[in-house]
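S.K.: Supplied structure: model.csv, CSV, C-alpha atoms.
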chain,number,residue,atom,x,y,z
Y,1,MET,CA,-226.4,-156.5,75.7
Y,2,SER,CA,-223.1,-157.1,74.0
Y,3,GLY,CA,-221.2,-158.9,76.7
Y,4,LYS,CA,-217.9,-157.6,75.3
Y,5,THR,CA,-215.0,-156.2,77.3
Y,6,ALA,CA,-213.1,-153.0,76.3
Y,7,LEU,CA,-209.9,-151.6,77.7
Y,8,ILE,CA,-209.5,-147.8,77.3
Y,9,THR,CA,-206.4,-145.6,77.9
Y,10,GLY,CA,-207.0,-141.9,78.4
Y,11,ILE,CA,-210.3,-142.8,80.1
Y,12,THR,CA,-210.1,-139.8,82.4
Y,13,GLY,CA,-210.1,-137.3,79.5
Y,14,GLN,CA,-212.8,-135.9,77.2
Y,15,ASP,CA,-213.0,-138.7,74.7
Y,16,GLY,CA,-212.4,-141.5,77.2
Y,17,SER,CA,-215.3,-140.5,79.4
Y,18,TYR,CA,-217.7,-140.2,76.5
Y,19,LEU,CA,-216.6,-143.5,75.0
Y,20,ALA,CA,-216.9,-145.3,78.4
Y,21,GLU,CA,-220.5,-144.0,78.6
Y,22,LEU,CA,-221.3,-145.2,75.1
Y,23,LEU,CA,-219.8,-148.7,75.6
Y,24,LEU,CA,-221.6,-149.1,79.0
Y,25,ASP,CA,-224.8,-148.2,77.3
Y,26,LYS,CA,-224.1,-150.9,74.8
Y,27,GLY,CA,-223.6,-153.5,77.5
Y,28,TYR,CA,-219.9,-153.7,77.6
Y,29,THR,CA,-217.7,-154.2,80.6
Y,30,VAL,CA,-215.3,-151.3,80.6
Y,31,TYR,CA,-211.8,-151.2,82.1
Y,32,GLY,CA,-209.9,-147.9,82.1
Y,33,LEU,CA,-206.1,-147.7,82.5
Y,34,VAL,CA,-205.2,-144.8,84.8
Y,35,ARG,CA,-202.0,-143.6,86.3
Y,36,ARG,CA,-201.8,-143.9,90.1
Y,37,VAL,CA,-202.0,-140.5,91.9
Y,38,SER,CA,-202.2,-139.7,95.5
Y,39,GLN,CA,-205.6,-138.0,95.3
Y,40,PRO,CA,-207.4,-140.0,92.5
Y,41,SER,CA,-210.8,-138.3,92.7
Y,42,LEU,CA,-209.3,-134.9,91.7
Y,43,GLY,CA,-208.1,-136.1,88.3
Y,44,ARG,CA,-211.0,-138.3,87.6
Y,45,ASN,CA,-213.9,-135.9,87.8
Y,46,LEU,CA,-215.1,-136.9,84.3
Y,47,ILE,CA,-215.5,-140.6,85.2
Y,48,ASN,CA,-216.4,-140.3,88.9
Y,49,HIS,CA,-220.1,-140.7,88.1
Y,50,LEU,CA,-219.3,-144.1,86.5
Y,51,MET,CA,-217.6,-145.6,89.5
Y,52,SER,CA,-220.8,-147.1,90.9
Y,53,ASN,CA,-221.5,-149.1,87.8
Y,54,ASP,CA,-220.5,-152.7,88.4
Y,55,ARG,CA,-219.4,-153.1,84.7
Y,56,PHE,CA,-216.9,-150.2,85.1
Y,57,HIS,CA,-213.4,-150.7,86.5
Y,58,VAL,CA,-210.1,-148.8,86.6
Y,59,LEU,CA,-206.7,-150.4,86.6
Y,60,ASN,CA,-203.4,-148.7,87.5
Y,61,GLY,CA,-201.0,-148.4,84.5
Y,62,ASP,CA,-198.9,-146.0,82.5
Y,63,LEU,CA,-198.3,-145.6,78.8
Y,64,ALA,CA,-194.6,-145.2,79.6
Y,65,ASP,CA,-194.4,-148.6,81.3
Y,66,GLN,CA,-194.6,-151.7,79.2
Y,67,ASN,CA,-195.1,-154.1,82.1
Y,68,SER,CA,-198.2,-152.3,83.4
Y,69,ILE,CA,-199.8,-152.4,80.0
Y,70,ASP,CA,-198.9,-156.1,79.6
Y,71,ASN,CA,-200.4,-156.8,82.9
Y,72,ALA,CA,-203.6,-155.0,82.1
Y,73,VAL,CA,-204.1,-156.7,78.8
Y,74,HIS,CA,-203.2,-160.1,80.3
Y,75,GLN,CA,-205.7,-159.6,83.1
Y,76,VAL,CA,-208.6,-158.2,81.1
Y,77,LYS,CA,-208.2,-160.1,77.8
Y,78,PRO,CA,-210.2,-157.3,76.1
Y,79,ASP,CA,-212.3,-157.8,72.9
Y,80,GLU,CA,-211.5,-154.2,72.1
Y,81,PHE,CA,-208.6,-151.9,73.0
Y,82,TYR,CA,-209.0,-148.1,72.6
Y,83,ASN,CA,-205.7,-146.2,72.9
Y,84,LEU,CA,-206.9,-142.6,73.6
Y,85,GLY,CA,-204.1,-141.7,76.1
Y,86,ALA,CA,-201.6,-139.1,75.0
Y,87,MET,CA,-199.8,-136.0,75.9
Y,88,SER,CA,-202.5,-134.2,74.0
Y,89,PHE,CA,-201.9,-130.4,74.4
Y,90,VAL,CA,-200.0,-129.3,71.3
Y,91,PRO,CA,-198.2,-126.3,72.8
Y,92,GLU,CA,-196.9,-128.4,75.6
Y,93,SER,CA,-195.2,-130.7,73.1
Y,94,TRP,CA,-192.6,-128.1,72.3
Y,95,ARG,CA,-191.8,-127.7,76.0
Y,96,SER,CA,-191.8,-131.5,76.6
Y,97,PRO,CA,-190.8,-133.1,73.3
Y,98,MET,CA,-189.2,-136.2,74.8
Y,99,MET,CA,-192.2,-137.0,77.0
Y,100,THR,CA,-194.5,-136.4,74.1
Y,101,ALA,CA,-192.6,-138.8,71.9
Y,102,ASP,CA,-192.5,-141.4,74.7
Y,103,ILE,CA,-196.2,-141.2,75.7
Y,104,THR,CA,-198.0,-140.3,72.4
Y,105,GLY,CA,-195.7,-142.2,70.0
Y,106,LEU,CA,-194.0,-145.1,71.8
Y,107,GLY,CA,-197.1,-145.5,74.1
Y,108,ALA,CA,-199.0,-146.7,71.1
Y,109,LEU,CA,-196.3,-149.2,70.3
Y,110,ARG,CA,-196.4,-150.5,73.9
Y,111,CYS,CA,-200.1,-151.0,73.6
Y,112,LEU,CA,-199.8,-152.8,70.3
Y,113,GLU,CA,-197.1,-155.1,71.7
Y,114,ALA,CA,-199.3,-155.9,74.7
Y,115,VAL,CA,-202.2,-156.8,72.5
Y,116,ARG,CA,-200.0,-158.9,70.1
Y,117,LYS,CA,-198.6,-160.9,73.0
Y,118,HIS,CA,-201.5,-161.3,75.3
Y,119,ALA,CA,-204.8,-160.8,73.3
Y,120,PRO,CA,-204.0,-161.3,69.6
Y,121,ASP,CA,-207.7,-161.5,68.6
Y,122,CYS,CA,-208.4,-158.1,70.3
Y,123,ARG,CA,-209.4,-155.3,68.0
Y,124,PHE,CA,-207.2,-152.2,68.4
Y,125,TYR,CA,-208.2,-148.5,67.9
Y,126,GLN,CA,-205.5,-145.8,67.8
Y,127,ALA,CA,-206.5,-142.2,68.3
Y,128,GLY,CA,-205.0,-140.2,65.4
Y,129,SER,CA,-205.1,-136.5,64.9
Y,130,SER,CA,-205.5,-133.9,62.2
Y,131,GLU,CA,-202.3,-132.4,63.5
Y,132,GLN,CA,-200.6,-135.2,61.5
Y,133,TYR,CA,-201.3,-133.1,58.4
Y,134,GLY,CA,-199.7,-130.0,59.7
Y,135,LYS,CA,-198.5,-127.9,56.8
Y,136,VAL,CA,-201.3,-129.3,54.6
Y,137,ARG,CA,-200.5,-130.6,51.1
Y,138,GLU,CA,-204.1,-130.4,49.9
Y,139,VAL,CA,-207.5,-129.1,50.9
Y,140,PRO,CA,-209.5,-130.8,52.3
Y,141,GLN,CA,-207.4,-133.5,53.9
Y,142,SER,CA,-208.4,-137.2,53.4
Y,143,GLU,CA,-207.0,-140.6,54.2
Y,144,THR,CA,-204.5,-140.3,51.3
Y,145,THR,CA,-203.2,-136.8,52.0
Y,146,PRO,CA,-199.5,-136.9,52.9
Y,147,PHE,CA,-198.5,-136.0,56.4
Y,148,HIS,CA,-196.4,-132.9,57.3
Y,149,PRO,CA,-196.6,-132.5,61.0
Y,150,ARG,CA,-195.7,-129.1,62.5
Y,151,SER,CA,-195.2,-130.0,66.2
Y,152,PRO,CA,-193.6,-132.7,68.3
Y,153,TYR,CA,-197.2,-133.8,69.1
Y,154,GLY,CA,-198.0,-134.2,65.4
Y,155,CYS,CA,-194.8,-136.1,64.8
Y,156,ALA,CA,-195.6,-138.5,67.6
Y,157,LYS,CA,-199.1,-139.1,66.2
Y,158,VAL,CA,-197.6,-139.9,62.8
Y,159,MET,CA,-195.4,-142.4,64.5
Y,160,ALA,CA,-198.4,-144.0,66.2
Y,161,PHE,CA,-200.3,-144.1,63.0
Y,162,GLU,CA,-197.5,-145.7,61.1
Y,163,ILE,CA,-196.7,-148.3,63.7
Y,164,THR,CA,-200.4,-149.2,64.0
Y,165,ARG,CA,-200.6,-149.7,60.2
Y,166,ASN,CA,-197.3,-151.7,60.4
Y,167,TYR,CA,-198.7,-154.1,63.0
Y,168,ARG,CA,-201.8,-154.6,61.0
Y,169,GLU,CA,-199.8,-155.5,58.0
Y,170,SER,CA,-197.0,-157.4,59.8
Y,171,TYR,CA,-199.1,-159.5,62.2
Y,172,ASN,CA,-202.5,-159.5,60.6
Y,173,MET,CA,-203.9,-157.6,63.6
Y,174,TYR,CA,-207.3,-155.8,63.5
Y,175,ALA,CA,-205.7,-152.4,64.2
Y,176,CYS,CA,-206.9,-149.1,62.8
Y,177,THR,CA,-206.5,-145.4,63.3
Y,178,GLY,CA,-209.2,-142.8,63.4
Y,179,ILE,CA,-207.8,-139.5,62.2
Y,180,LEU,CA,-210.1,-137.2,64.1
Y,181,PHE,CA,-210.2,-133.6,63.4
Y,182,ASN,CA,-210.7,-131.1,66.3
Y,183,HIS,CA,-213.6,-132.3,68.5
Y,184,GLU,CA,-214.7,-130.4,71.6
Y,185,SER,CA,-217.2,-130.4,74.4
Y,186,PRO,CA,-217.9,-129.0,77.8
Y,187,ARG,CA,-215.5,-131.7,79.1
Y,188,ARG,CA,-212.6,-130.2,77.2
Y,189,GLY,CA,-209.6,-129.1,79.3
Y,190,LEU,CA,-209.4,-125.4,80.1
Y,191,GLU,CA,-206.0,-125.2,78.4
Y,192,PHE,CA,-207.5,-125.8,75.0
Y,193,VAL,CA,-208.4,-122.8,73.0
Y,194,THR,CA,-212.1,-123.6,72.6
Y,195,ARG,CA,-212.7,-124.1,76.3
Y,196,LYS,CA,-210.5,-121.1,77.2
Y,197,VAL,CA,-212.7,-118.9,75.0
Y,198,THR,CA,-216.0,-120.2,76.4
Y,199,MET,CA,-214.8,-120.1,80.0
Y,200,MET,CA,-213.5,-116.6,79.6
Y,201,ALA,CA,-216.7,-115.5,78.0
Y,202,ALA,CA,-218.5,-116.8,81.1
Y,203,ARG,CA,-216.1,-115.1,83.5
Y,204,ILE,CA,-216.4,-111.8,81.6
Y,205,LYS,CA,-220.2,-112.1,81.8
Y,206,HIS,CA,-220.0,-112.4,85.6
Y,207,GLY,CA,-217.5,-109.6,85.9
Y,208,PHE,CA,-214.4,-111.7,86.9
Y,209,ASP,CA,-212.4,-110.6,83.9
Y,210,GLU,CA,-212.6,-107.9,81.3
Y,211,CYS,CA,-210.5,-109.2,78.4
Y,212,LEU,CA,-209.5,-112.5,76.7
Y,213,HIS,CA,-205.8,-112.9,75.8
Y,214,ILE,CA,-205.4,-115.2,72.8
Y,215,GLY,CA,-202.9,-116.3,70.1
Y,216,ASN,CA,-203.4,-116.5,66.4
Y,217,VAL,CA,-207.1,-115.7,65.7
Y,218,ASP,CA,-206.8,-116.4,62.0
Y,219,ALA,CA,-205.9,-120.1,62.4
Y,220,LYS,CA,-208.8,-122.3,60.9
Y,221,ARG,CA,-210.0,-125.6,62.2
Y,222,ASP,CA,-212.6,-128.2,61.5
Y,223,TRP,CA,-214.5,-128.5,64.8
Y,224,GLY,CA,-217.0,-131.1,65.8
Y,225,PHE,CA,-218.6,-132.5,69.0
Y,226,ALA,CA,-216.6,-135.2,70.9
Y,227,GLY,CA,-219.8,-137.0,71.9
Y,228,ASP,CA,-220.5,-137.6,68.2
Y,229,TYR,CA,-217.0,-138.6,67.3
Y,230,VAL,CA,-216.6,-141.4,69.9
Y,231,GLU,CA,-219.4,-143.4,68.2
Y,232,MET,CA,-217.2,-143.5,65.1
Y,233,GLN,CA,-214.3,-144.8,67.2
Y,234,TRP,CA,-216.6,-147.7,68.2
Y,235,LYS,CA,-217.9,-148.2,64.7
Y,236,MET,CA,-214.3,-148.6,63.3
Y,237,LEU,CA,-213.9,-151.7,65.4
Y,238,GLN,CA,-217.2,-153.2,64.2
Y,239,GLN,CA,-216.2,-153.6,60.5
Y,240,ASP,CA,-215.3,-156.8,58.7
Y,241,GLU,CA,-211.8,-155.5,57.9
Y,242,PRO,CA,-209.6,-152.9,59.7
Y,243,ASP,CA,-208.9,-149.6,58.0
Y,244,ASP,CA,-208.1,-146.0,58.7
Y,245,TYR,CA,-210.7,-143.2,58.6
Y,246,VAL,CA,-210.9,-139.4,58.7
Y,247,ILE,CA,-213.6,-138.2,61.0
Y,248,ALA,CA,-214.5,-134.5,60.4
Y,249,THR,CA,-217.4,-132.1,59.7
Y,250,GLY,CA,-216.0,-130.9,56.3
Y,251,ARG,CA,-216.5,-127.3,57.5
Y,252,THR,CA,-213.8,-124.9,58.8
Y,253,HIS,CA,-214.0,-121.9,61.0
Y,254,SER,CA,-211.4,-119.5,62.3
Y,255,ILE,CA,-210.7,-118.9,66.0
Y,256,ARG,CA,-212.0,-115.4,65.3
Y,257,ASP,CA,-215.3,-116.9,64.2
Y,258,MET,CA,-215.4,-119.0,67.3
Y,259,ILE,CA,-214.8,-116.0,69.6
Y,260,ASN,CA,-217.4,-114.0,67.9
Y,261,LEU,CA,-220.0,-116.7,68.3
Y,262,ALA,CA,-219.1,-117.4,72.0
Y,263,PHE,CA,-219.2,-113.7,72.9
Y,264,SER,CA,-222.5,-113.2,71.1
Y,265,HIS,CA,-224.0,-115.7,73.7
Y,266,ILE,CA,-223.1,-113.2,76.5
Y,267,ASP,CA,-224.6,-110.3,74.5
Y,268,LEU,CA,-221.3,-108.8,73.3
Y,269,GLU,CA,-220.9,-108.0,69.6
Y,270,LEU,CA,-217.2,-107.6,68.7
Y,271,THR,CA,-215.5,-105.3,66.2
Y,272,TRP,CA,-212.0,-106.3,65.2
Y,273,SER,CA,-209.1,-104.1,64.3
Y,274,GLY,CA,-205.3,-104.4,63.8
Y,275,GLU,CA,-203.3,-107.2,62.3
Y,276,GLY,CA,-201.1,-110.0,63.7
Y,277,VAL,CA,-200.0,-109.5,67.3
Y,278,ASP,CA,-201.7,-106.1,67.2
Y,279,THR,CA,-205.2,-107.6,66.7
Y,280,ILE,CA,-207.8,-106.6,69.2
Y,281,ALA,CA,-211.6,-106.8,69.4
Y,282,THR,CA,-213.9,-104.2,71.1
Y,283,ASP,CA,-217.5,-104.6,72.2
Y,284,GLN,CA,-220.4,-102.3,71.3
Y,285,GLY,CA,-219.4,-100.1,74.3
Y,286,GLY,CA,-215.8,-99.6,73.1
Y,287,VAL,CA,-214.3,-101.9,75.7
Y,288,VAL,CA,-211.4,-104.1,74.5
Y,289,ARG,CA,-212.5,-107.7,75.0
Y,290,VAL,CA,-209.9,-109.6,73.1
Y,291,ARG,CA,-206.1,-108.9,72.9
Y,292,THR,CA,-203.6,-110.9,70.9
Y,293,ASN,CA,-200.5,-112.1,72.9
Y,294,PRO,CA,-197.5,-113.4,71.0
Y,295,LYS,CA,-196.7,-115.9,73.7
Y,296,PHE,CA,-199.7,-117.9,72.6
Y,297,PHE,CA,-198.4,-118.3,69.0
Y,298,ARG,CA,-197.0,-121.6,68.0
Y,299,PRO,CA,-193.3,-121.9,66.8
Y,300,ALA,CA,-194.6,-123.5,63.6
Y,301,GLU,CA,-198.3,-122.6,63.0
Y,302,VAL,CA,-200.9,-124.9,61.4
Y,303,ASP,CA,-203.0,-122.4,59.5
Y,304,LEU,CA,-205.8,-124.5,58.0
Y,305,LEU,CA,-207.3,-127.9,58.8
Y,306,ILE,CA,-210.4,-129.2,57.1
Y,307,GLY,CA,-211.2,-132.8,56.8
Y,308,ASP,CA,-212.9,-134.8,54.0
Y,309,PRO,CA,-215.1,-137.4,55.7
Y,310,THR,CA,-216.4,-139.0,52.5
Y,311,TYR,CA,-214.8,-142.4,53.1
Y,312,ALA,CA,-216.2,-142.6,56.7
Y,313,LYS,CA,-219.7,-141.6,55.4
Y,314,GLU,CA,-219.6,-144.5,52.9
Y,315,LYS,CA,-218.2,-147.1,55.2
Y,316,LEU,CA,-219.3,-146.2,58.7
Y,317,GLY,CA,-222.4,-144.1,58.0
Y,318,TRP,CA,-220.8,-141.1,59.6
Y,319,GLU,CA,-222.8,-137.9,59.7
Y,320,THR,CA,-222.4,-134.7,61.7
Y,321,LYS,CA,-225.1,-134.5,64.3
Y,322,THR,CA,-224.0,-131.4,66.2
Y,323,THR,CA,-223.3,-128.2,64.3
Y,324,PHE,CA,-220.4,-125.8,65.1
Y,325,GLU,CA,-223.0,-123.2,66.3
Y,326,GLN,CA,-224.7,-125.8,68.6
Y,327,LEU,CA,-221.3,-126.9,70.0
Y,328,ILE,CA,-220.2,-123.4,71.0
Y,329,GLU,CA,-223.6,-122.6,72.5
Y,330,MET,CA,-223.4,-125.9,74.5
Y,331,MET,CA,-220.0,-125.0,75.8
Y,332,VAL,CA,-220.8,-121.4,76.7
Y,333,GLU,CA,-224.0,-122.5,78.5
Y,334,SER,CA,-222.1,-125.1,80.5
Y,335,ASP,CA,-219.4,-122.7,81.5
Y,336,LEU,CA,-221.9,-120.0,82.5
Y,337,ALA,CA,-223.5,-122.6,84.7
Y,338,ILE,CA,-220.1,-123.5,86.3
Y,339,VAL,CA,-219.3,-119.9,87.0
Y,340,GLN,CA,-222.8,-119.3,88.4
Y,341,GLU,CA,-222.4,-122.2,90.7
Y,342,ALA,CA,-219.1,-120.8,92.0
Y,343,VAL,CA,-220.8,-117.4,92.5
Y,344,ASP,CA,-223.7,-119.0,94.4
Y,345,GLY,CA,-221.2,-121.1,96.5
Y,346,GLY,CA,-219.0,-118.2,97.3
Y,347,TYR,CA,-215.8,-119.5,95.7
Y,348,ALA,CA,-213.7,-118.6,92.7
Y,349,PRO,CA,-214.6,-120.0,89.4
Y,350,PRO,CA,-212.1,-122.0,87.3
Y,351,THR,CA,-209.5,-119.9,85.5
Y,352,PRO,CA,-207.9,-121.1,82.2
Y,353,PRO,CA,-204.1,-121.5,82.6
Y,354,GLU,CA,-201.7,-119.1,81.0
Please express the file's structure as structure tokens.

M.R.:
Amino acid sequence: MSGKTALITGITGQDGSYLAELLLDKGYTVYGLVRRVSQPSLGRNLINHLMSNDRFHVLNGDLADQNSIDNAVHQVKPDEFYNLGAMSFVPESWRSPMMTADITGLGALRCLEAVRKHAPDCRFYQAGSSEQYGKVREVPQSETTPFHPRSPYGCAKVMAFEITRNYRESYNMYACTGILFNHESPRRGLEFVTRKVTMMAARIKHGFDECLHIGNVDAKRDWGFAGDYVEMQWKMLQQDEPDDYVIATGRTHSIRDMINLAFSHIDLELTWSGEGVDTIATDQGGVVRVRTNPKFFRPAEVDLLIGDPTYAKEKLGWETKTTFEQLIEMMVESDLAIVQEAVDGGYAPPTPPE
């Protein structure tokens, strides 16, 4: 039993829920900072199962409000602070650039200020992103690769990265950033492309839909399992000295590859034709199962992301436990079970948002 206390922002999301489970298993007392909502259980389904644990607590707060973060840090006096909260859906960052900068960028600064003022010995983890690299300058991307973000979200994450490094150097704080490449799970939001694909595969399997509408299928990403990645977030705060680390698998796959794999789990083998916005995929019976829709293309595309995790392997002992193939199978099987439960219960299964 560690006896340590951790404070987590973004605890209601994919990474926050996995990290909370990990820390509780290690004997931590865990506090999650959550925004007040009128119906709290609806937005907290990923952590509802933890509410009965007497070492798990939630506090009301908001990354846009300095006082609420100050109050939380002053009250909890955490040993470790994990800032996972963000406006994290990249396409939304073009529609809401000001909010993205405020929450994702300035939110990190507010957290650092709260720690500096109220818990200066606390170790601070900032959730970075491979979107910081954007229009990549080299392949693969490492800790020394220059940033060239291609979205308001990526720009905000670069700001959070730089201010975290600045506070480390200015105030001798134990503050580090994990530059995590894409990491997915059955807990991923339905608006994200991986979960959209696996849920639509499950809906097609059960006859609720015929076709998946998607954006750029040739974009390539380095995808891993979120449950593996949160252990590295914890390990970064257990080192003698703070540093920044790339966490990635070192393998890349296109969205087309991911769709092929997901649909193979529902016994559909796809044949692709056309180019750009005219790209489609048909199954073995000639039915069109995938159509490209230009409204899902980004204003500035990030074509290729692939991480070099060498430094994390040397310092943290990082290794990929879950393969890309296992990840997609896990997600499809989970969504098939969700849709089957809806069928059995006589209600409509979840639908990915447009």

S.K.: May I ask which of the residues Y:Ala86, Y:Ala114, Y:Val332, Y:Val30 is the closest one to Ser264 of chain Y, counting only C-alpha atoms?

M.R.: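 The closest residue to Ser264 of chain Y is Y:Val332.
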
S.K.: I want to know what sits within 10 Å of Glu329 of chain Y, based on all atoms listed in the file, with residues of the same chain fewer than 5 positions away left out; could you give that as a list in words?

M.R.: Thr198, Leu261, Ala262, Phe263, Ser264, His265, Thr323, Phe324, Ser334 and Asp335 of chain Y

S.K.: Distance atom CA of Pro149 of chain Y-atom CA of Tyr133 of chain Y, one decimal place?

M.R.: 5.4 Å

S.K.: Rank Y:Leu112, Y:Ala127, Y:Met232, Y:Ala219 by their smallest atom-to-atom distance to Ser170 of chain Y, using all atoms listed in the file, and report the top residue only.

M.R.: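 Counting all atoms listed in the file, the residue closest to Ser170 of chain Y is Y:Leu112.
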
S.K.: Nearest to Leu7 of chain Y: which of Y:Arg221, Y:His57, Y:Arg44, Y:Arg195 is it, counting all atoms listed in the file?

M.R.: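 Checking each candidate against Leu7 of chain Y, we get Y:His57 as the closest.
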
S.K.: Using only C-alpha atoms, which protein or nucleic acid residues come within 12 Å of Gly274 of chain Y? Drop anything in the same chain fewer than 4 positions from it, and give the result as a list in words.

M.R.: Val217, Asp278, Thr279, Ile280, Ala281, Thr282, Val290, Arg291 and Thr292 of chain Y

S.K.: Provide the atom CA of Lys220 of chain Y to atom CA of Leu304 of chain Y distance in Å, to one decimal place.

M.R.: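 Atom CA of Leu304 of chain Y lies 4.7 Å from atom CA of Lys220 of chain Y.
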
S.K.: Kindly give the distance, in Å, that separates atom CA of Asn293 of chain Y and atom CA of Val339 of chain Y, rounded to a single decimal.

M.R.: 24.8 Å

S.K.: Excluding Leu336 of chain Y and any residue of its chain fewer than 6 positions from it, enumerate the residues within 12 Å of it, using all atoms listed in the file, and give them as a ChimeraX atom specification.

M.R.: /Y:186,195,197-207,262-263,265-266,329-330,342-343,349-350

S.K.: Given the choices Y:Glu210, Y:Glu131, Y:Asp222, Y:Glu169, which gets closest to Asp308 of chain Y if the distance is worked out from only C-alpha atoms?

M.R.: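 Ranking Y:Glu210, Y:Glu131, Y:Asp222, Y:Glu169 by distance to Asp308 of chain Y, first place goes to Y:Asp222.
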
S.K.: Taking 5 positions as the minimum chain separation for residues in the same chain, which residues sit within 12 Å of Pro294 of chain Y when counting all atoms listed in the file? Answer as an mmCIF file with C-alpha atoms, in the coordinates of the input.

M.R.:
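Just written: around_7.cif:
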data_model
loop_
_atom_site.group_PDB
_atom_site.id
_atom_site.type_symbol
_atom_site.label_atom_id
_atom_site.label_comp_id
_atom_site.auth_asym_id
_atom_site.auth_seq_id
_atom_site.Cartn_x
_atom_site.Cartn_y
_atom_site.Cartn_z
ATOM 1 C CA HIS Y 213 -205.800 -112.900 75.800
ATOM 2 C CA ILE Y 214 -205.400 -115.200 72.800
ATOM 3 C CA GLY Y 215 -202.900 -116.300 70.100
ATOM 4 C CA ASN Y 216 -203.400 -116.500 66.400
ATOM 5 C CA VAL Y 217 -207.100 -115.700 65.700
ATOM 6 C CA GLY Y 276 -201.100 -110.000 63.700
ATOM 7 C CA VAL Y 277 -200.000 -109.500 67.300
ATOM 8 C CA ASP Y 278 -201.700 -106.100 67.200
ATOM 9 C CA THR Y 279 -205.200 -107.600 66.700
ATOM 10 C CA PRO Y 299 -193.300 -121.900 66.800
#

S.K.: For Tyr229 of chain Y, which residue out of Y:Ala312, Y:Leu109, Y:Leu33, Y:Ala6 is the nearest one, using all atoms listed in the file?

M.R.: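 Counting all atoms listed in the file, the residue closest to Tyr229 of chain Y is Y:Ala312.
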
S.K.: Please provide the set of residues having any atom within 9 Å of segment 181-185 of chain Y, restricted to all atoms listed in the file, with same-chain residues fewer than 2 positions apart removed, written as a PDB file with C-alpha atoms, keeping the file's coordinate frame.

M.R.:
ATOM      1  CA  GLN Y  14    -212.800-135.900  77.200  1.00  0.00           C
ATOM      2  CA  ASP Y  15    -213.000-138.700  74.700  1.00  0.00           C
ATOM      3  CA  GLY Y 128    -205.000-140.200  65.400  1.00  0.00           C
ATOM      4  CA  SER Y 129    -205.100-136.500  64.900  1.00  0.00           C
ATOM      5  CA  SER Y 130    -205.500-133.900  62.200  1.00  0.00           C
ATOM      6  CA  GLU Y 131    -202.300-132.400  63.500  1.00  0.00           C
ATOM      7  CA  ILE Y 179    -207.800-139.500  62.200  1.00  0.00           C
ATOM      8  CA  ARG Y 187    -215.500-131.700  79.100  1.00  0.00           C
ATOM      9  CA  ARG Y 188    -212.600-130.200  77.200  1.00  0.00           C
ATOM     10  CA  THR Y 194    -212.100-123.600  72.600  1.00  0.00           C
ATOM     11  CA  ARG Y 195    -212.700-124.100  76.300  1.00  0.00           C
ATOM     12  CA  ARG Y 221    -210.000-125.600  62.200  1.00  0.00           C
ATOM     13  CA  ASP Y 222    -212.600-128.200  61.500  1.00  0.00           C
ATOM     14  CA  TRP Y 223    -214.500-128.500  64.800  1.00  0.00           C
ATOM     15  CA  GLY Y 224    -217.000-131.100  65.800  1.00  0.00           C
ATOM     16  CA  PHE Y 225    -218.600-132.500  69.000  1.00  0.00           C
ATOM     17  CA  ALA Y 226    -216.600-135.200  70.900  1.00  0.00           C
ATOM     18  CA  GLY Y 227    -219.800-137.000  71.900  1.00  0.00           C
ATOM     19  CA  ASP Y 228    -220.500-137.600  68.200  1.00  0.00           C
ATOM     20  CA  TYR Y 229    -217.000-138.600  67.300  1.00  0.00           C
ATOM     21  CA  VAL Y 246    -210.900-139.400  58.700  1.00  0.00           C
ATOM     22  CA  ILE Y 247    -213.600-138.200  61.000  1.00  0.00           C
ATOM     23  CA  ALA Y 248    -214.500-134.500  60.400  1.00  0.00           C
ATOM     24  CA  THR Y 249    -217.400-132.100  59.700  1.00  0.00           C
ATOM     25  CA  LEU Y 305    -207.300-127.900  58.800  1.00  0.00           C
ATOM     26  CA  ILE Y 306    -210.400-129.200  57.100  1.00  0.00           C
ATOM     27  CA  GLY Y 307    -211.200-132.800  56.800  1.00  0.00           C
ATOM     28  CA  LEU Y 327    -221.300-126.900  70.000  1.00  0.00           C
ATOM     29  CA  ILE Y 328    -220.200-123.400  71.000  1.00  0.00           C
ATOM     30  CA  MET Y 330    -223.400-125.900  74.500  1.00  0.00           C
ATOM     31  CA  MET Y 331    -220.000-125.000  75.800  1.00  0.00           C
TER      32      MET Y 331
END

S.K.: Tell me which of Y:Ile103, Y:Leu59, Y:Cys155, Y:Met87 sits closest to Asn71 of chain Y, counting only C-alpha atoms.

M.R.: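 Using only C-alpha atoms, Asn71 of chain Y sits closest to Y:Leu59.
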